[in-house]
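Novice: I'd like to ask you about the structure that follows.
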Amino acid sequence: MKTGFAAVAGRPNVGKSTLVNALCGGKVAIVSDKPQTTRRRIAGVANGDGYQLVLVDLPGFQRPLDPMTERMQRTVDQAFEDVDAVVFVLSARERIGAGDRFIAGRVFALGVPVVIALNKVDRLKPGHIATQMETASKLGDFHALHPVSAKTGDGVEELRAELVELLPEGPAYFPPDQRSDLTAEEQVGELVREKALALTREEVPHAISVEVEELDEKVVRASIYVETESQKQIVVGRGGSVVKEIGTRARPEIEHLLGRQVYLELHVKVRPRWRRDERLLERLGI
Ligand SMILES: Nc1nc2c(ncn2[C@@H]2O[C@H](COP(=O)(O)OP(=O)(O)OP(=O)(O)O)[C@@H](O)[C@H]2O)c(=O)[nH]1
Ligand SMILES: [Mg+2]
């Protein structure tokens, strides 16, 4: 059996998590249109005929600004230490530039094959895709370059097959029915955060974290933390409308995940400067 790990690296918001989900054939990681959605390392498992490919979804490469982003970047650096390949994700919709070259400097120095995934090619003109592929190919000595759309699934199967080829022979790392290495509590927390991100803007998404405090047969109780009173007002919404909508959107996905109906109880709380609280960050898995 071919088994092993591929780290998924790239700038924030290029579609790494969407691609991990597509490669795994199901939702492993949350996605949003805001940068810095992924804050921790998440292993997503793709099982197939004669292989188990573990995709390591990572935060976007960034210049650390505070203890939280520092820890996120450390996570990225550490994840490179023991992988069989790297998927270097680029967005075909943006200029391939200095940020990508900085990451290239790191990933091409690792000594493992680098597969470039030029993502978001859906609805782009072939001429534009060709130009972007040309630019991408100059980033370093890549093993393969795949234009893909994580959103439509175009090219994803070919990319998966390419990655499987790079894996050594070995035993499976995860039981066949396990899709990610997060606990149920962690997955539920991420789903709630995803809905909260979708419903907020500007600095608010970055100030949100979610902790699941209770998860039993019937009840899921979680706290949504923000940093200031005014952020709390935004997340609660007029007459509780925003937090209610977060619950309405999250509950079906939580029930699908757990395989049972639950009562979802959400509380919005202020925890000043939590992004600088090392102990809390540790507890949040960041
Ligand atoms: N059009 C298009 N949009 C995409 C594609 N893949 C991802 N997106 C969108 O790009 C945005 C970012 O997607 P994510 O998967 O969260 O990106 P990420 O690289 O994991 O972002 P961070 O975790 O914040 O670093 C979302 O709005 C996605 O819907 C794609 O193939 N085509
Ligand atoms: Mg992500």
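We name chains A, B, ... following the order of the structure tokens; residues begin at 1 in each chain, and ligands are numbered from 1 as shown.
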Please, which residues in segment 169-234 of chain A fall within 12 Å of segment 66-76 of chain A when counting only C-alpha atoms, and what is the closest atom pair and distance in Å to one decimal for each, ordered by chain then residue number, as CSV?

Specialist:
residue,atom,partner,partner_atom,distance
A:His206,CA,A:Met68,CA,10.3
A:Ala207,CA,A:Met68,CA,10.7
A:Ser209,CA,A:Met68,CA,11.4

Novice: What's the 10 Å shell around Asp141 of chain A, counting only C-alpha atoms, without same-chain residues fewer than 4 positions away, as a PyMOL selection string?

Specialist: chain A and resi 104+108-109+113-115+137

Novice: Put those residues in a file: N, CA and C atoms, as a short mmCIF file (atom, residue, chain, number, x, y, z; two decimals), in the first residue's frame.

Specialist:
data_model
loop_
_atom_site.label_atom_id
_atom_site.label_comp_id
_atom_site.auth_asym_id
_atom_site.auth_seq_id
_atom_site.Cartn_x
_atom_site.Cartn_y
_atom_site.Cartn_z
N ALA A 104 8.24 29.90 -2.13
CA ALA A 104 9.00 29.01 -3.02
C ALA A 104 10.40 28.78 -2.45
N PHE A 108 11.04 24.76 -1.93
CA PHE A 108 11.95 24.09 -2.86
C PHE A 108 13.27 23.69 -2.19
N ALA A 109 13.50 24.20 -0.97
CA ALA A 109 14.72 23.85 -0.25
C ALA A 109 14.53 22.63 0.65
N PRO A 113 9.71 16.26 -3.21
CA PRO A 113 9.07 16.76 -4.43
C PRO A 113 8.01 17.82 -4.15
N VAL A 114 8.02 18.87 -4.96
CA VAL A 114 7.03 19.94 -4.84
C VAL A 114 6.10 19.87 -6.05
N VAL A 115 4.82 19.70 -5.76
CA VAL A 115 3.82 19.71 -6.83
C VAL A 115 3.08 21.04 -6.75
N SER A 137 5.87 28.25 -13.31
CA SER A 137 6.93 27.28 -13.59
C SER A 137 8.32 27.85 -13.31
#

Novice: Which of segment 38-87 of chain A counts as strand (DSSP E) under DSSP, as an MDAnalysis selection string please?

Specialist: chainID A and resid 42:48 51:57 85:87

Novice: Write out, as CSV, each residue of chain A that has an atom at most 12 Å from ligand 2, together with the closest pair of atoms and their distance in Å to one decimal, counting only C-alpha atoms and all ligand atoms, rows going by chain and rising number.

Specialist:
residue,atom,partner,partner_atom_place_in_ligand_line,distance
A:Val8,CA,ligand 2,1 (Mg),9.4
A:Ala9,CA,ligand 2,1 (Mg),9.5
A:Gly10,CA,ligand 2,1 (Mg),9.5
A:Arg11,CA,ligand 2,1 (Mg),9.6
A:Pro12,CA,ligand 2,1 (Mg),7.2
A:Asn13,CA,ligand 2,1 (Mg),6.7
A:Val14,CA,ligand 2,1 (Mg),8.2
A:Gly15,CA,ligand 2,1 (Mg),6.6
A:Lys16,CA,ligand 2,1 (Mg),5.3
A:Ser17,CA,ligand 2,1 (Mg),4.1
A:Thr18,CA,ligand 2,1 (Mg),7.2
A:Leu19,CA,ligand 2,1 (Mg),9.0
A:Val20,CA,ligand 2,1 (Mg),8.8
A:Asn21,CA,ligand 2,1 (Mg),10.1
A:Lys27,CA,ligand 2,1 (Mg),12.0
A:Val28,CA,ligand 2,1 (Mg),10.4
A:Ala29,CA,ligand 2,1 (Mg),7.0
A:Ile30,CA,ligand 2,1 (Mg),6.8
A:Val31,CA,ligand 2,1 (Mg),6.0
A:Ser32,CA,ligand 2,1 (Mg),7.8
A:Asp33,CA,ligand 2,1 (Mg),9.7
A:Lys34,CA,ligand 2,1 (Mg),9.5
A:Pro35,CA,ligand 2,1 (Mg),8.0
A:Gln36,CA,ligand 2,1 (Mg),6.9
A:Thr37,CA,ligand 2,1 (Mg),5.3
A:Thr38,CA,ligand 2,1 (Mg),4.1
A:Arg39,CA,ligand 2,1 (Mg),7.7
A:Arg40,CA,ligand 2,1 (Mg),9.0
A:Arg41,CA,ligand 2,1 (Mg),9.5
A:Ile42,CA,ligand 2,1 (Mg),9.5
A:Val56,CA,ligand 2,1 (Mg),10.6
A:Asp57,CA,ligand 2,1 (Mg),6.8
A:Leu58,CA,ligand 2,1 (Mg),6.5
A:Pro59,CA,ligand 2,1 (Mg),5.8
A:Gly60,CA,ligand 2,1 (Mg),6.9
A:Phe61,CA,ligand 2,1 (Mg),10.7
A:Met72,CA,ligand 2,1 (Mg),11.6
A:Val76,CA,ligand 2,1 (Mg),11.9
A:Val89,CA,ligand 2,1 (Mg),11.0
A:Glu190,CA,ligand 2,1 (Mg),11.4
A:Glu194,CA,ligand 2,1 (Mg),10.8

Novice: Apply DSSP to the backbone of this structure and, from segment 100-133 of chain A, keep only the residues in helix (DSSP H, G or I); write these as an NGL selection string.

Specialist: :A and (100-107 or 126-133)

Novice: Using only C-alpha atoms and all ligand atoms, which of the listed residues (A:Thr152, A:Ser241, A:Thr135, A:Gln233) sits closest to ligand 1?

Specialist: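 Among the listed residues, A:Thr152 lies closest to ligand 1.
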
Novice: If you count only C-alpha atoms, which residues fall within 10 Å of segment 180-185 of chain A, apart from same-chain ones fewer than 2 positions away, as number ranges by chain?

Specialist: A: 24, 27-29, 41-46, 54-56, 174, 177-178, 187-191, 211-215, 220, 222, 254, 257-258, 285

Novice: Could you pull the residues within 10 Å of segment 162-168 of chain A, counting only C-alpha atoms, minus those fewer than 4 positions along the same chain, as an MDAnalysis selection string?

Specialist: chainID A and resid 1:6 46 48 50:55 83:87 112:115 143:146 156:158

Novice: Distance atom CA of Val226 of chain A-atom 29 (O, counted along the ligand's line) of ligand 1, one decimal place?

Specialist: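 Interatomic distance here is 24.0 Å.
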
Novice: Residues within 9 Å of Leu199 of chain A, please, as a PyMOL selection string. Count only C-alpha atoms; anything in the same chain fewer than 2 positions from it doesn't count.

Specialist: chain A and resi 194-197+201+205+235+242+245-246

Novice: So that I can check the surroundings of Asp216 of chain A, please list as a PyMOL selection string every protein, DNA and RNA residue that reaches within 10 Å of it, counting only C-alpha atoms and ignoring chain neighbours fewer than 4 positions away.

Specialist: chain A and resi 220-221+262-263

Novice: Got time to write the residues from that selection, N, CA and C atoms, as a short mmCIF file (atom, residue, chain, number, x, y, z; two decimals), in the first residue's frame?

Specialist:
data_model
loop_
_atom_site.label_atom_id
_atom_site.label_comp_id
_atom_site.auth_asym_id
_atom_site.auth_seq_id
_atom_site.Cartn_x
_atom_site.Cartn_y
_atom_site.Cartn_z
N VAL A 220 -25.20 20.48 22.31
CA VAL A 220 -23.88 21.02 22.00
C VAL A 220 -23.86 22.45 22.50
N ARG A 221 -22.93 22.75 23.42
CA ARG A 221 -22.83 24.09 23.95
C ARG A 221 -21.46 24.67 23.63
N VAL A 262 -29.17 17.47 17.42
CA VAL A 262 -28.71 18.08 18.67
C VAL A 262 -29.36 19.44 18.87
N TYR A 263 -29.34 19.86 20.14
CA TYR A 263 -29.73 21.22 20.47
C TYR A 263 -28.44 22.02 20.57
#
